[in-house]
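Encoded as structure tokens, the structure appears first; notes follow it.
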Amino acid sequence: SDPSRVQNVTSLDLVGSGGDVLQVLSLQENEPLSEYFAVSPALPHSPFKFRIRGYDKASNAFQRVIPTMVQTATCRLQITTDLTTVRLVPGGSVDVAFSLYNAGEDGVFTILAEDDQGFVQSVSTNRLPLNAGVTGFAKINLTAPGSSSFGTTATVTLTARSSGAYNFVVFRITVSPPEQDYIPPTCEVVAMYGTCRDLDTSTCGSRTFTVTTAYRDQGYGLRTISPRAHNSNFTWALQDFQPGLTNRTVTANFTASCCHTNVEFVVSDLVGNYDVCRPDLYPPLPKLSVNTAIYVVIGLSVLLFLVLLVVLIVLFIRHRRRRKHKTQERYRDEVKNEGVVKALMKREKKPAAAAGRTDVVVRSSETRVKYQRVAMTTGTQGHHVEITAHREMRTVRT
């Protein structure tokens, strides 16, 4: 039934095996937890069931019965040995002590111990007479065969029964190695093929991924290797594995759809140590290492230097051309305004230089040629001027 339809619960009845009501208990609500509880000063000695009664939100009465029969106990059985300190090794034996308290009438209790691995060898006493309010003590002897594997666990059930009382206790004991191995096996994701990045539920089915894992144990050996996935639609291939394998790497491949990426891999050893590894199917973008970053900075610096060098060379060449162009323009103006000879004589006033040749383009009003080319050679014997035109050449010596 739906708890949201319950208005309130009124009582808890203890009903006998024949249907008769043995006890009616009032229920109290623990509002912060939305729970009900009841207190009984003395429970019935005969077996009984629990029945609750109440009303739903439509004011209809209801009742529910828990079918399990409950039997109160007048004795208490308790393990007194600290099981965390007990070490049962292959071929070894241990004693587990227990106590029995009799809260009922005087009686003789029959003690029985059994387990699912055949480790129980004997009980120090099979019959324990106890008066009312008295506690008795005994112990169980357990022996593990020499062929027992590390990690083998025995579930032991201890019972105590008298004519008017019954109780039991369950405990577990595990076979351990002679020397304790606290180092767990290793589980490592060594490779991943395929990525599930940037996929949604409509496109995830079109892509798969494969994870390669490696397992190893340097202690008493591997016990189990298995994947844990929320979906069973996957491929699992475990290579060359057998329980007890030690100092040897075992690899496995797991393949599944990108729609089911929630997976982890569990490995355990023979003494109960284990390790878990999980693949990262959405790895971040790769980051540059320190060395790579240094190389990138150096490369960019060299490239920037080369660019600046090319720019400076281009600017220098343009500056040279601009100066030459201005020089030619100045000589054209001088030739046009003063004539060719005066322009050349004007240059003579400048400091002497090594013999050279300068070409300028001039316009001369003294000749019939529109465009002329004037060249002057300066030497120790004077100046030699050549005027070259399209139709004639004149030589002037000064």
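Each chain in the structure tokens gets a letter, A, B and so on, in the order shown; residues start at 1 in every chain, and ligands are counted from 1 in the order they appear.
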Original post:
Could you pull the residues within 10 Å of Val108 of chain A, counting only C-alpha atoms, minus those fewer than 4 positions along the same chain, as a ChimeraX atom specification?
Top reply: /A:102,127-131,160-165
Grab the residues selected above and save them as a compact mmCIF listing (two decimals), in the first residue's frame with N, CA, C and O atoms.
```
# COMPACT_ATOMS: atom_id res chain seq x y z
N ASN A 102 21.11 -17.33 31.10
CA ASN A 102 19.77 -17.89 31.24
C ASN A 102 18.90 -16.90 32.01
O ASN A 102 19.09 -16.69 33.21
N ARG A 127 26.44 -29.96 26.44
CA ARG A 127 25.34 -29.76 27.37
C ARG A 127 25.80 -28.81 28.47
O ARG A 127 26.85 -29.03 29.09
N LEU A 128 25.01 -27.74 28.66
CA LEU A 128 25.40 -26.72 29.63
C LEU A 128 24.22 -26.47 30.59
O LEU A 128 23.25 -25.81 30.22
N PRO A 129 24.27 -27.01 31.82
CA PRO A 129 23.18 -26.77 32.78
C PRO A 129 23.33 -25.36 33.38
O PRO A 129 24.42 -24.96 33.81
N LEU A 130 22.20 -24.62 33.41
CA LEU A 130 22.23 -23.25 33.94
C LEU A 130 20.99 -23.01 34.79
O LEU A 130 19.86 -23.31 34.37
N ASN A 131 21.20 -22.46 35.96
CA ASN A 131 20.08 -22.01 36.77
C ASN A 131 19.62 -20.63 36.28
O ASN A 131 20.30 -19.96 35.49
N ALA A 160 21.77 -22.54 21.03
CA ALA A 160 21.59 -23.03 22.41
C ALA A 160 20.09 -23.28 22.61
O ALA A 160 19.27 -22.40 22.35
N ARG A 161 19.73 -24.47 23.07
CA ARG A 161 18.31 -24.84 23.20
C ARG A 161 18.07 -25.60 24.51
O ARG A 161 18.89 -26.45 24.89
N SER A 162 16.99 -25.22 25.17
CA SER A 162 16.53 -25.97 26.35
C SER A 162 15.04 -26.27 26.16
O SER A 162 14.46 -25.95 25.12
N SER A 163 14.42 -26.85 27.18
CA SER A 163 13.00 -27.20 27.05
C SER A 163 12.12 -25.97 26.90
O SER A 163 11.06 -26.03 26.26
N GLY A 164 12.54 -24.82 27.41
CA GLY A 164 11.69 -23.64 27.32
C GLY A 164 12.38 -22.42 26.73
O GLY A 164 11.83 -21.32 26.79
N ALA A 165 13.57 -22.60 26.17
CA ALA A 165 14.30 -21.45 25.63
C ALA A 165 15.11 -21.86 24.40
O ALA A 165 15.51 -23.04 24.26
```
**OP:** Counting only C-alpha atoms, figure out which residue out of A:Cys187, A:Ala113, A:Cys258, A:Ile317 gets nearest to Asp200 of chain A.
**Re:**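 Selected residue with least distance to Asp200 of chain A: A:Cys258.
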Original post:
Which of these, A:Thr10, A:Gly104, A:Gln218, A:Leu88, has the shortest distance to Arg64 of chain A once you count only C-alpha atoms?
Top reply: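 Using only C-alpha atoms, the shortest distance to Arg64 of chain A belongs to A:Thr10.
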Hey, could you make a per-residue contact list for segment 61-127 of chain A against segment 47-51 of chain A with 10 Å as the cut-off, showing the nearest pair of atoms and its distance in Å to one decimal, counting only C-alpha atoms, sorted by chain and number, as a tab-separated table?
```
residue	atom	partner	partner_atom	distance
A:Gln63	CA	A:Arg51	CA	6.8
A:Arg64	CA	A:Arg51	CA	5.6
A:Val65	CA	A:Arg51	CA	4.3
A:Ile66	CA	A:Phe50	CA	5.4
A:Pro67	CA	A:Lys49	CA	6.3
A:Thr68	CA	A:Lys49	CA	6.2
A:Met69	CA	A:Lys49	CA	5.1
A:Val70	CA	A:Phe48	CA	5.3
A:Gln71	CA	A:Pro47	CA	4.5
A:Thr72	CA	A:Pro47	CA	7.2
```
**OP:** Among the residues of segment 24-85 of chain A, find those DSSP assigns to strand (DSSP E) from the backbone and print them as a ChimeraX atom specification.
**Re:** /A:24-26,28-30,35-37,48-56,61-70,75-79
Subject >> Among listed residues A:Tyr274, A:Tyr101, A:Phe209, A:Phe234, nearest Pro185 of chain A (using only C-alpha atoms) >> reply: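 Of A:Tyr274, A:Tyr101, A:Phe209, A:Phe234, the one nearest Pro185 of chain A, counting only C-alpha atoms, is A:Tyr274.
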**OP:** Please identify all polymer residues within 9 Å of Gln78 of chain A, counting only C-alpha atoms, omitting same-chain residues fewer than 3 positions from it, and present them as a list of chain:residue names.
**Re:** A:Ala97, A:Phe98, A:Ser99, A:Leu100, A:Tyr101, A:Phe168, A:Val169
Convert the current residue selection to file output with N, CA and C atoms, as a PDB file, in the first residue's frame.
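Final output, part04.pdb:
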```pdb
ATOM      1  N   ALA A  97      35.534 -18.330  21.895  1.00  0.00           N
ATOM      2  CA  ALA A  97      34.797 -18.470  23.158  1.00  0.00           C
ATOM      3  C   ALA A  97      33.442 -17.770  23.065  1.00  0.00           C
ATOM      4  N   PHE A  98      32.461 -18.273  23.840  1.00  0.00           N
ATOM      5  CA  PHE A  98      31.125 -17.667  23.870  1.00  0.00           C
ATOM      6  C   PHE A  98      30.547 -17.808  25.273  1.00  0.00           C
ATOM      7  N   SER A  99      29.518 -16.997  25.517  1.00  0.00           N
ATOM      8  CA  SER A  99      28.824 -17.053  26.821  1.00  0.00           C
ATOM      9  C   SER A  99      27.336 -17.249  26.580  1.00  0.00           C
ATOM     10  N   LEU A 100      26.640 -17.865  27.577  1.00  0.00           N
ATOM     11  CA  LEU A 100      25.200 -18.108  27.511  1.00  0.00           C
ATOM     12  C   LEU A 100      24.581 -17.673  28.840  1.00  0.00           C
ATOM     13  N   TYR A 101      23.660 -16.730  28.753  1.00  0.00           N
ATOM     14  CA  TYR A 101      22.973 -16.229  29.945  1.00  0.00           C
ATOM     15  C   TYR A 101      21.545 -16.759  29.954  1.00  0.00           C
ATOM     16  N   PHE A 168      20.243 -18.224  19.110  1.00  0.00           N
ATOM     17  CA  PHE A 168      21.371 -18.568  18.221  1.00  0.00           C
ATOM     18  C   PHE A 168      22.162 -17.302  17.928  1.00  0.00           C
ATOM     19  N   VAL A 169      23.379 -17.486  17.434  1.00  0.00           N
ATOM     20  CA  VAL A 169      24.240 -16.392  16.998  1.00  0.00           C
ATOM     21  C   VAL A 169      25.032 -16.877  15.789  1.00  0.00           C
TER      22      VAL A 169
END
```
**OP:** Provide the atom CA of Thr110 of chain A to atom CA of Thr159 of chain A distance in Å, to one decimal place.
**Re:**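 It comes out at 8.0 Å.
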**OP:** Please give the complete set of residues from segment 203-348 of chain A that DSSP, run on the backbone, assigns to helix (DSSP H, G or I), formatted as a ChimeraX atom specification.
**Re:** /A:204-206,290-338,340-348
Subject >> Counting only C-alpha atoms, the residue of A:Thr201, A:Asn247, A:Thr261, A:Thr195 that sits nearest Tyr215 of chain A >> reply: A:Asn247
**OP:** Name the closest residue to Ala73 of chain A among the candidates A:Lys324, A:His45, A:Arg228, A:Arg207; distances are taken between atoms, counting only C-alpha atoms.
**Re:**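 Distance minimum relative to Ala73 of chain A lands on A:His45.
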